[in-house]
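Enquirer: Okay, handing you the structure first.
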Amino acid sequence: MKPRLVLVLGDQLTTSVAALKAADPFRDIVVMAEVKSEGTYVRHNKKKILLMLAAMRNFAKVLQQQGWKVQYSRLDDPTNSQSISGELLRYANAFGAEELIATEPGEFRLITILKDMPLKLQMLEDDRFIASHAMFKDWSSGRKTLRMEYFYREMRRKTGLLMDDGQPIGGKWNYDIENRKPAKDDLLREKPLQFEPDDLLTGLAELIDTEFERHPGTTEDFWYATTREQALEVLDHFIRHHLKVFGSYQDAMLDQDPFLHHSLLSAYVNIGLLDPMEVCERIEHAYRVGDVPLNSAEGFIRQIIGWREYMRGIYFYKGPDYVGLNALHATRDLPDFFWTAETDMQCLRRSIHQTLHNAYAHHIQRLMVIGNFAMMAGIDPYQVHEWYLSVYWDAFEWVEAPNVIGMSQFADDGLIASKPYASSGAYINRMSDYCKSCAYTPLKKMGEGACPFNLLYWSFLDRHSEKFEKNPRMAQIYANWKRRAPKDKTTVLEEADRFLNAL
Ligand code: FAD
Ligand code: DLZ
Ligand code: SF4
């Protein structure tokens with residue numbers, strides 16, 4: 001019997017991935033390929049590429065130890081064709097394989113590439129997710145709005161997480177209202193668990209610095225996990241040191257602390273080192289034995305079985321055209337400082353610098369600083385989407401695009417968000433300490449030194465009044481704007497225009 005090729009992509013690094021479950025270790029050949037095309041279709045952050053390739057090499061060893069025949073293409077192999085399809089064809093010719101078993105990739109781009117190959121393709125649904133495509137379709141069909149909160153309740157029922165006798169523990173589904181505390185600088189806050197780079201990482205870092213020289217970010221200061229064992233240690237560390245207060249400080253931002261009480265687990269779950277259900281079960285256990293409060297456990301579990309699953313559902317439900325949506329007709333080019341962090345707005349300077357350096361920023365930096373600015377400044381959402389996809393360690397289109405196009409840029413016209421996530425400097429001032437070291441004054445609404453977020457906020461609302469004025473959640477805001485003196489309004493709009501033209 002001819003061998004079949006079994007593709008394992010860089011974000012499918014688990015022994016229980018669908019393609020491996022369907023394959024026969026005695027007959028089939030696993031293909032894993034480090035290729036330039038996957039690193040360059042957007043200019044991925046060097047740290048993200050380092051994470052991917054190191055985790056791939058470590059995982060290939062696990063498969064070999066389990067008895068799989070693995071054909072592994074290294075980036076610097078002179079015979080490497082540098083694309084997934086090229087490598088599959090090369091191995092198909094070498095071994096006389098005519099069939100390919102693959103787990104559905106997390107980007108339509110790659111799904112199309114695999115479907116177009118001259119091999120008989122068995123593409124299996126990625127069952128690492130709790131909601132299948134069929135379940136999401138069932139849930140969404142016939143609904144007027146697809147709000148996450150209702151999907152989340154279904155997922156709680158389906159998984160039984162934090163449920164007793166079919167009811168949510170504590171009597172409420174959602175404790176978000178308790179999760180909005182600003183944080184204080186605290187030297188005692190436990191730092192993230194860091195791993196010393198080994199020879200594999202040092203060698204790969206050199207290769208990446210050469211091959212992806214012009215990409216954003218750096219391979220220096222790399223201390224992330226690259227094996228399942230290490231990722232499990234990160235999970236333990238988070239539960240032991242941070243989960244208790246995760247909920248309360250979820251929305252806080254501190255200039256000198258990029259990680260606060262966040263878990264740093266997204267990339268490990270997305271690339272397969274951790275399973276989403278195992279993570280949630282560990283969190284639930286911590287709550288049930290009394291180690292952590294309900295608002296933290298619920299807040300965390302909601303992010304995984306709620307937001308994460310919902311975003312994936314939306315991506316596959318809406319299809320490949322979703323990333324091109326532009327409901328607010330935003331056309332401005334992405335400013336250069338997104339690639340350099342050189343701006344005098346401290347909140348943006350710090351969030352973008354940390355993003356480029358760590359390939360990480362936490363949710364509120366992504367949503368309420370960077371995304372908020374991009375939307376209010378009217379930046380083309382497709383360019384914003386490409387930026388997010390390239391700079392973050394956890395960014396794959398299935399999760400990145402709905403978060404950016406939908407949640408953060410409102411480019412899907414409110415499919416995901418019931419109102420735009422727009423806010424003035426007052427919000428950033430309340431939730432962070434950035435403003436203390438900023439060239440601008442957060443509460444100043446116009447004139448010399450006025451915070452640009454204040455100018456942009458009103459100019460954004462004014463520009464889109466037709467769309468948002470009738471939204472009941474925004475009526476009060478528009479009433480406030482209307483009450484302002486006409487002279488003030490003109491000044492604010494003129495100053496906002498001047499700021500935008502100078503970008
Ligand atoms: P924590 O704050 O510790 O949260 C716990 C976990 O919940 C995360 O590890 C993640 O798995 C999950 N999670 C939380 N929020 C979301 C969400 N909105 N969507 C999906 N999962 C969520 N997440 C990605 O995994 N990849 C992305 O490319 C991505 N892009 C984003 C872009 C924007 C504009 C926004 C607003 C959010 C984005 N997110 C993305 C969601 C979220 O910001 C990250 O998952 C989170 O910051 C990762 O850090 P953490 O692991 O420390 O998260
Ligand atoms: C992100 C990424 C990078 C940078 N490099 C590789 C690679 O060399 N080989 C590989 O198999 N996967 C890589 N990936 C992850 C893929 O881009 C990812 O599987 C698709 O985008 C689908 O989610
Ligand atoms: Fe950001 Fe405005 Fe605060 Fe400066 S003053 S850090 S621009 S919110």
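Note on naming: chains are A, B, ... as they come in the structure tokens, residues start from 1 per chain, ligands start from 1 in the order shown.
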Let me have all residues with an atom within 12 Å of ligand 3, counting only C-alpha atoms and all ligand atoms, laid out as a PyMOL selection string.
Expert: chain A and resi 253-255+343-351+365+368-370+372-373+423-446+449-457
Enquirer: Please write out the residues within 7 Å of ligand 1 as an MDAnalysis selection string, counting only C-alpha atoms and all ligand atoms.
Expert: chainID A and resid 250 259 262:267 269:270 300 303:304 307:308 311 361:364 366:367 371 388:389 392 394:397 399:400 403:404 407:408
Enquirer: Need to verify the contact set: Ala102 (chain A), 7 Å, only C-alpha atoms, exclusion of same-chain residues closer than 2 positions in sequence. Can you return it as a ChimeraX atom specification?
Expert: /A:6-7,19,100,104,122-124
Enquirer: How would the residues just chosen look if you wrote them out with N, CA, C and O atoms as an mmCIF file, in the first residue's frame?
Expert:
```cif
data_model
loop_
_atom_site.group_PDB
_atom_site.id
_atom_site.type_symbol
_atom_site.label_atom_id
_atom_site.label_comp_id
_atom_site.auth_asym_id
_atom_site.auth_seq_id
_atom_site.Cartn_x
_atom_site.Cartn_y
_atom_site.Cartn_z
ATOM 1 N N VAL A 6 0.907 12.964 5.827
ATOM 2 C CA VAL A 6 0.088 13.505 6.914
ATOM 3 C C VAL A 6 0.690 14.856 7.294
ATOM 4 O O VAL A 6 1.799 14.918 7.832
ATOM 5 N N LEU A 7 -0.025 15.920 6.983
ATOM 6 C CA LEU A 7 0.533 17.255 7.226
ATOM 7 C C LEU A 7 0.274 17.695 8.667
ATOM 8 O O LEU A 7 -0.850 17.629 9.158
ATOM 9 N N ALA A 19 -5.517 14.900 12.008
ATOM 10 C CA ALA A 19 -4.803 14.186 10.934
ATOM 11 C C ALA A 19 -4.020 12.999 11.489
ATOM 12 O O ALA A 19 -3.968 11.932 10.866
ATOM 13 N N LEU A 100 -3.204 12.890 0.688
ATOM 14 C CA LEU A 100 -2.767 13.784 1.773
ATOM 15 C C LEU A 100 -3.854 13.830 2.855
ATOM 16 O O LEU A 100 -5.029 14.066 2.551
ATOM 17 N N GLU A 104 -7.821 20.687 9.086
ATOM 18 C CA GLU A 104 -8.180 21.974 8.475
ATOM 19 C C GLU A 104 -7.332 23.109 9.061
ATOM 20 O O GLU A 104 -7.337 23.334 10.279
ATOM 21 N N GLN A 122 -7.755 14.453 2.119
ATOM 22 C CA GLN A 122 -8.721 14.196 3.187
ATOM 23 C C GLN A 122 -8.515 15.306 4.218
ATOM 24 O O GLN A 122 -7.546 15.268 4.976
ATOM 25 N N MET A 123 -9.393 16.312 4.189
ATOM 26 C CA MET A 123 -9.232 17.451 5.123
ATOM 27 C C MET A 123 -10.192 17.272 6.285
ATOM 28 O O MET A 123 -11.408 17.309 6.110
ATOM 29 N N LEU A 124 -9.644 17.103 7.475
ATOM 30 C CA LEU A 124 -10.480 16.799 8.644
ATOM 31 C C LEU A 124 -10.714 18.035 9.486
ATOM 32 O O LEU A 124 -9.820 18.878 9.617
#
```
Enquirer: Here is a test: counting only C-alpha atoms, which residue of A:Cys280, A:Leu50, A:Ile239, A:Ala134 is nearest to Leu161 (chain A)?
Expert: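 Between A:Cys280, A:Leu50, A:Ile239, A:Ala134, the residue approaching Leu161 (chain A) most closely is A:Cys280.
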Enquirer: From the set A:Glu220, A:Asp185, A:Glu107, A:Asp164, which residue has the shortest atom-to-atom contact distance to ligand 2, counting only C-alpha atoms and all ligand atoms?
Expert: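 Counting only C-alpha atoms and all ligand atoms, the residue closest to ligand 2 is A:Glu107.
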Enquirer: So which bits of region 290-451 of chain A end up helix (DSSP H, G or I) when you DSSP the backbone, as a PyMOL selection string?
Expert: chain A and resi 294-318+320-324+337-340+346-358+363-376+381-391+397-408+425-431+434-437
Enquirer: What do you get as a PyMOL selection string if you pick all residues at most 6 Å from ligand 2, counting only C-alpha atoms and all ligand atoms?
Expert: chain A and resi 9-11+33-35+38-39+49+52+105-107+396
Enquirer: Can you spit out the residues from that selection as a tab-separated table (two decimals), in the first residue's frame, using N, CA and C atoms?
Expert:
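What ended up in again_21.tsv:
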```
chain	number	residue	atom	x	y	z
A	9	LEU	N	0.90	21.15	10.68
A	9	LEU	CA	1.34	22.55	10.56
A	9	LEU	C	1.88	23.07	11.89
A	10	GLY	N	2.51	24.23	11.81
A	10	GLY	CA	3.15	24.81	12.99
A	10	GLY	C	2.19	25.16	14.12
A	11	ASP	N	0.89	25.25	13.83
A	11	ASP	CA	-0.06	25.51	14.92
A	11	ASP	C	-0.96	24.29	15.15
A	33	ALA	N	7.10	21.15	7.93
A	33	ALA	CA	7.99	21.93	7.08
A	33	ALA	C	8.14	23.36	7.58
A	34	GLU	N	9.39	23.71	7.88
A	34	GLU	CA	9.69	25.12	8.13
A	34	GLU	C	9.85	25.76	6.76
A	35	VAL	N	9.02	26.75	6.48
A	35	VAL	CA	9.09	27.34	5.12
A	35	VAL	C	9.00	28.86	5.18
A	38	GLU	N	5.44	30.77	4.91
A	38	GLU	CA	4.56	30.94	6.08
A	38	GLU	C	5.06	32.06	6.99
A	39	GLY	N	6.34	32.36	6.89
A	39	GLY	CA	6.86	33.46	7.71
A	39	GLY	C	6.69	34.81	7.07
A	49	ILE	N	8.11	33.83	14.90
A	49	ILE	CA	8.70	32.80	14.04
A	49	ILE	C	9.59	31.87	14.88
A	52	MET	N	7.41	29.48	16.78
A	52	MET	CA	6.82	28.45	15.90
A	52	MET	C	7.85	27.39	15.55
A	105	PRO	N	-6.60	23.84	8.21
A	105	PRO	CA	-5.80	24.96	8.71
A	105	PRO	C	-6.69	26.09	9.24
A	106	GLY	N	-6.09	26.97	10.03
A	106	GLY	CA	-6.84	28.06	10.66
A	106	GLY	C	-6.89	29.32	9.80
A	107	GLU	N	-6.54	29.21	8.52
A	107	GLU	CA	-6.62	30.37	7.63
A	107	GLU	C	-7.12	29.90	6.27
A	396	PHE	N	-3.30	34.01	14.48
A	396	PHE	CA	-3.65	33.20	13.31
A	396	PHE	C	-5.00	33.76	12.88
```
Enquirer: For Ala22 (chain A), which residue out of A:Ala60, A:Val391, A:Val8, A:Ile101 is the nearest one, using only C-alpha atoms?
Expert: A:Ile101
Enquirer: Compile the contact shell of Arg74 (chain A) as an mmCIF file with all heavy atoms, in the first residue's frame: residues with an atom at most 10 Å away, counting only C-alpha atoms, same-chain residues fewer than 3 positions apart removed.
Expert:
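Output below, filename result25.cif:
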```
data_model
loop_
_atom_site.group_PDB
_atom_site.id
_atom_site.type_symbol
_atom_site.label_atom_id
_atom_site.label_comp_id
_atom_site.auth_asym_id
_atom_site.auth_seq_id
_atom_site.Cartn_x
_atom_site.Cartn_y
_atom_site.Cartn_z
ATOM 1 N N MET A 32 6.371 17.746 8.260
ATOM 2 C CA MET A 32 6.414 19.044 8.953
ATOM 3 C C MET A 32 7.442 19.891 8.217
ATOM 4 O O MET A 32 8.541 19.405 7.923
ATOM 5 C CB MET A 32 6.815 18.873 10.419
ATOM 6 C CG MET A 32 5.794 18.095 11.226
ATOM 7 S SD MET A 32 6.241 17.973 12.974
ATOM 8 C CE MET A 32 6.023 19.663 13.505
ATOM 9 N N ALA A 33 7.100 21.146 7.928
ATOM 10 C CA ALA A 33 7.994 21.933 7.080
ATOM 11 C C ALA A 33 8.141 23.361 7.580
ATOM 12 O O ALA A 33 7.154 24.089 7.702
ATOM 13 C CB ALA A 33 7.466 21.927 5.644
ATOM 14 N N GLU A 34 9.386 23.708 7.878
ATOM 15 C CA GLU A 34 9.694 25.120 8.133
ATOM 16 C C GLU A 34 9.851 25.761 6.760
ATOM 17 O O GLU A 34 10.707 25.329 5.980
ATOM 18 C CB GLU A 34 11.025 25.244 8.879
ATOM 19 C CG GLU A 34 11.043 24.553 10.222
ATOM 20 C CD GLU A 34 12.454 24.541 10.840
ATOM 21 O OE1 GLU A 34 13.399 25.087 10.231
ATOM 22 O OE2 GLU A 34 12.610 23.957 11.915
ATOM 23 N N VAL A 35 9.020 26.753 6.476
ATOM 24 C CA VAL A 35 9.085 27.343 5.124
ATOM 25 C C VAL A 35 8.998 28.863 5.183
ATOM 26 O O VAL A 35 8.286 29.416 6.021
ATOM 27 C CB VAL A 35 7.947 26.809 4.221
ATOM 28 C CG1 VAL A 35 8.178 25.357 3.864
ATOM 29 C CG2 VAL A 35 6.580 26.994 4.863
ATOM 30 N N LEU A 53 9.022 27.839 15.076
ATOM 31 C CA LEU A 53 9.987 26.864 14.573
ATOM 32 C C LEU A 53 10.577 26.019 15.709
ATOM 33 O O LEU A 53 10.782 24.808 15.554
ATOM 34 C CB LEU A 53 11.098 27.560 13.775
ATOM 35 C CG LEU A 53 10.637 28.387 12.554
ATOM 36 C CD1 LEU A 53 11.810 28.706 11.636
ATOM 37 C CD2 LEU A 53 9.535 27.723 11.740
ATOM 38 N N ARG A 57 10.209 21.967 15.952
ATOM 39 C CA ARG A 57 11.333 21.014 16.063
ATOM 40 C C ARG A 57 11.168 20.116 17.288
ATOM 41 O O ARG A 57 11.408 18.919 17.227
ATOM 42 C CB ARG A 57 12.664 21.777 16.138
ATOM 43 C CG ARG A 57 13.036 22.364 14.789
ATOM 44 C CD ARG A 57 14.446 22.907 14.757
ATOM 45 N NE ARG A 57 14.640 23.589 13.473
ATOM 46 C CZ ARG A 57 15.797 24.053 13.050
ATOM 47 N NH1 ARG A 57 16.873 23.930 13.792
ATOM 48 N NH2 ARG A 57 15.892 24.649 11.869
ATOM 49 N N GLN A 71 9.073 13.354 8.039
ATOM 50 C CA GLN A 71 9.920 14.085 7.103
ATOM 51 C C GLN A 71 9.886 15.535 7.526
ATOM 52 O O GLN A 71 8.850 16.196 7.426
ATOM 53 C CB GLN A 71 9.383 13.940 5.663
ATOM 54 C CG GLN A 71 9.643 12.582 5.062
ATOM 55 C CD GLN A 71 11.140 12.274 4.965
ATOM 56 O OE1 GLN A 71 11.924 13.121 4.579
ATOM 57 N NE2 GLN A 71 11.552 11.076 5.337
ATOM 58 N N ASP A 77 17.600 24.042 4.844
ATOM 59 C CA ASP A 77 17.876 22.895 3.974
ATOM 60 C C ASP A 77 17.900 23.395 2.520
ATOM 61 O O ASP A 77 16.913 23.959 2.046
ATOM 62 C CB ASP A 77 16.738 21.878 4.223
ATOM 63 C CG ASP A 77 16.844 20.670 3.318
ATOM 64 O OD1 ASP A 77 17.671 20.698 2.378
ATOM 65 O OD2 ASP A 77 16.082 19.713 3.553
ATOM 66 N N PRO A 78 19.018 23.195 1.780
ATOM 67 C CA PRO A 78 19.104 23.750 0.414
ATOM 68 C C PRO A 78 18.047 23.184 -0.535
ATOM 69 O O PRO A 78 17.704 23.821 -1.537
ATOM 70 C CB PRO A 78 20.507 23.350 -0.054
ATOM 71 C CG PRO A 78 21.140 22.583 1.041
ATOM 72 C CD PRO A 78 20.233 22.517 2.220
ATOM 73 N N THR A 79 17.494 22.009 -0.219
ATOM 74 C CA THR A 79 16.483 21.452 -1.124
ATOM 75 C C THR A 79 15.062 21.916 -0.762
ATOM 76 O O THR A 79 14.093 21.562 -1.432
ATOM 77 C CB THR A 79 16.513 19.906 -1.099
ATOM 78 O OG1 THR A 79 16.369 19.495 0.256
ATOM 79 C CG2 THR A 79 17.813 19.374 -1.676
ATOM 80 N N ASN A 80 14.942 22.698 0.305
ATOM 81 C CA ASN A 80 13.628 23.167 0.761
ATOM 82 C C ASN A 80 13.039 24.133 -0.283
ATOM 83 O O ASN A 80 13.669 25.112 -0.664
ATOM 84 C CB ASN A 80 13.808 23.891 2.106
ATOM 85 C CG ASN A 80 12.477 24.245 2.776
ATOM 86 O OD1 ASN A 80 11.467 24.455 2.115
ATOM 87 N ND2 ASN A 80 12.491 24.307 4.096
ATOM 88 N N GLN A 82 10.546 25.989 0.223
ATOM 89 C CA GLN A 82 10.107 27.152 1.018
ATOM 90 C C GLN A 82 8.616 27.444 0.933
ATOM 91 O O GLN A 82 8.183 28.573 1.189
ATOM 92 C CB GLN A 82 10.926 28.411 0.666
ATOM 93 C CG GLN A 82 12.426 28.265 0.883
ATOM 94 C CD GLN A 82 12.819 28.003 2.350
ATOM 95 O OE1 GLN A 82 11.991 28.037 3.245
ATOM 96 N NE2 GLN A 82 14.088 27.696 2.595
#
```
Enquirer: Would you please work out which residue, of A:Phe212, A:Tyr268, A:Phe136, A:Tyr317, is nearest to Val234 (chain A) when using only C-alpha atoms?
Expert: A:Tyr268
Enquirer: Which residues are near Gly160 (chain A)? Cut-off 12 Å, only C-alpha atoms, ignore same chain within fewer than 5 positions. Put them as a compact mmCIF listing (two decimals) with N, CA and C atoms, in the first residue's frame.
Expert:
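In the end it all went to out18.txt:
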```txt
# COMPACT_ATOMS: atom_id res chain seq x y z
N ILE A 130 -14.05 23.29 20.97
CA ILE A 130 -15.19 22.70 21.68
C ILE A 130 -16.44 22.77 20.81
N TYR A 152 -21.87 31.84 24.75
CA TYR A 152 -21.11 31.42 25.93
C TYR A 152 -21.97 30.55 26.86
N ARG A 153 -23.23 30.93 27.03
CA ARG A 153 -24.10 30.14 27.90
C ARG A 153 -24.29 28.72 27.34
N GLU A 154 -24.42 28.65 26.02
CA GLU A 154 -24.52 27.32 25.39
C GLU A 154 -23.27 26.50 25.68
N MET A 155 -22.14 27.17 25.61
CA MET A 155 -20.87 26.46 25.81
C MET A 155 -20.71 26.02 27.27
N ASP A 165 -26.07 21.27 38.67
CA ASP A 165 -27.47 20.92 38.37
C ASP A 165 -28.02 21.77 37.22
N GLY A 166 -27.23 21.94 36.18
CA GLY A 166 -27.70 22.66 34.99
C GLY A 166 -27.76 24.17 35.15
N GLN A 167 -27.35 24.68 36.32
CA GLN A 167 -27.39 26.12 36.57
C GLN A 167 -25.97 26.66 36.76
N PRO A 168 -25.73 27.93 36.36
CA PRO A 168 -24.39 28.50 36.58
C PRO A 168 -24.10 28.65 38.06
N ILE A 169 -22.90 28.25 38.45
CA ILE A 169 -22.52 28.39 39.86
C ILE A 169 -22.59 29.85 40.26
N MET A 277 -9.71 22.63 26.77
CA MET A 277 -10.53 22.05 27.84
C MET A 277 -9.68 21.69 29.06
N CYS A 280 -9.21 24.84 31.00
CA CYS A 280 -10.41 25.26 31.73
C CYS A 280 -10.69 24.34 32.92
N GLU A 281 -10.45 23.05 32.73
CA GLU A 281 -10.70 22.12 33.85
C GLU A 281 -9.77 22.41 35.03
N GLU A 284 -11.20 25.49 36.71
CA GLU A 284 -12.39 25.15 37.49
C GLU A 284 -12.00 24.45 38.79
N ILE A 301 -12.46 31.38 32.21
CA ILE A 301 -13.13 30.34 31.42
C ILE A 301 -13.96 30.97 30.30
N ILE A 305 -13.81 29.43 26.55
CA ILE A 305 -14.93 28.72 25.90
C ILE A 305 -15.92 29.69 25.29
```
Enquirer: Which polymer residues have any atom within 12 Å of an atom of Leu89 (chain A), counting only C-alpha atoms, with same-chain residues fewer than 2 positions away left out, as a PyMOL selection string?
Expert: chain A and resi 4-5+7+31+33+80-87+91-100+114+116-120
Enquirer: Restricting the calculation to only C-alpha atoms, which member of A:Glu149, A:Asp127, A:Asp28, A:Glu206 is positioned closest to Arg302 (chain A)?
Expert: A:Glu149
Enquirer: List every residue of region 129-219 of chain A that DSSP, applied to the backbone, labels as strand (DSSP E or B), and write the result as a list in words.
Expert: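 Strand (DSSP E or B) members of region 129-219 of chain A, listed: Met163, Asp164, Gln167 and Pro168 of chain A.
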Enquirer: Would you export the selected residues with N, CA and C atoms as a PDB file, in the first residue's frame, please?
Expert:
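Written out: part-v7.pdb:
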```pdb
ATOM      1  N   MET A 163     -20.833  24.696  36.343  1.00  0.00           N
ATOM      2  CA  MET A 163     -22.284  24.473  36.373  1.00  0.00           C
ATOM      3  C   MET A 163     -22.602  23.492  37.505  1.00  0.00           C
ATOM      4  N   ASP A 164     -23.705  23.717  38.184  1.00  0.00           N
ATOM      5  CA  ASP A 164     -24.203  22.740  39.148  1.00  0.00           C
ATOM      6  C   ASP A 164     -25.683  22.511  38.857  1.00  0.00           C
ATOM      7  N   GLN A 167     -27.348  24.675  36.318  1.00  0.00           N
ATOM      8  CA  GLN A 167     -27.389  26.125  36.568  1.00  0.00           C
ATOM      9  C   GLN A 167     -25.967  26.663  36.760  1.00  0.00           C
ATOM     10  N   PRO A 168     -25.729  27.932  36.363  1.00  0.00           N
ATOM     11  CA  PRO A 168     -24.392  28.497  36.576  1.00  0.00           C
ATOM     12  C   PRO A 168     -24.096  28.647  38.063  1.00  0.00           C
TER      13      PRO A 168
END
```
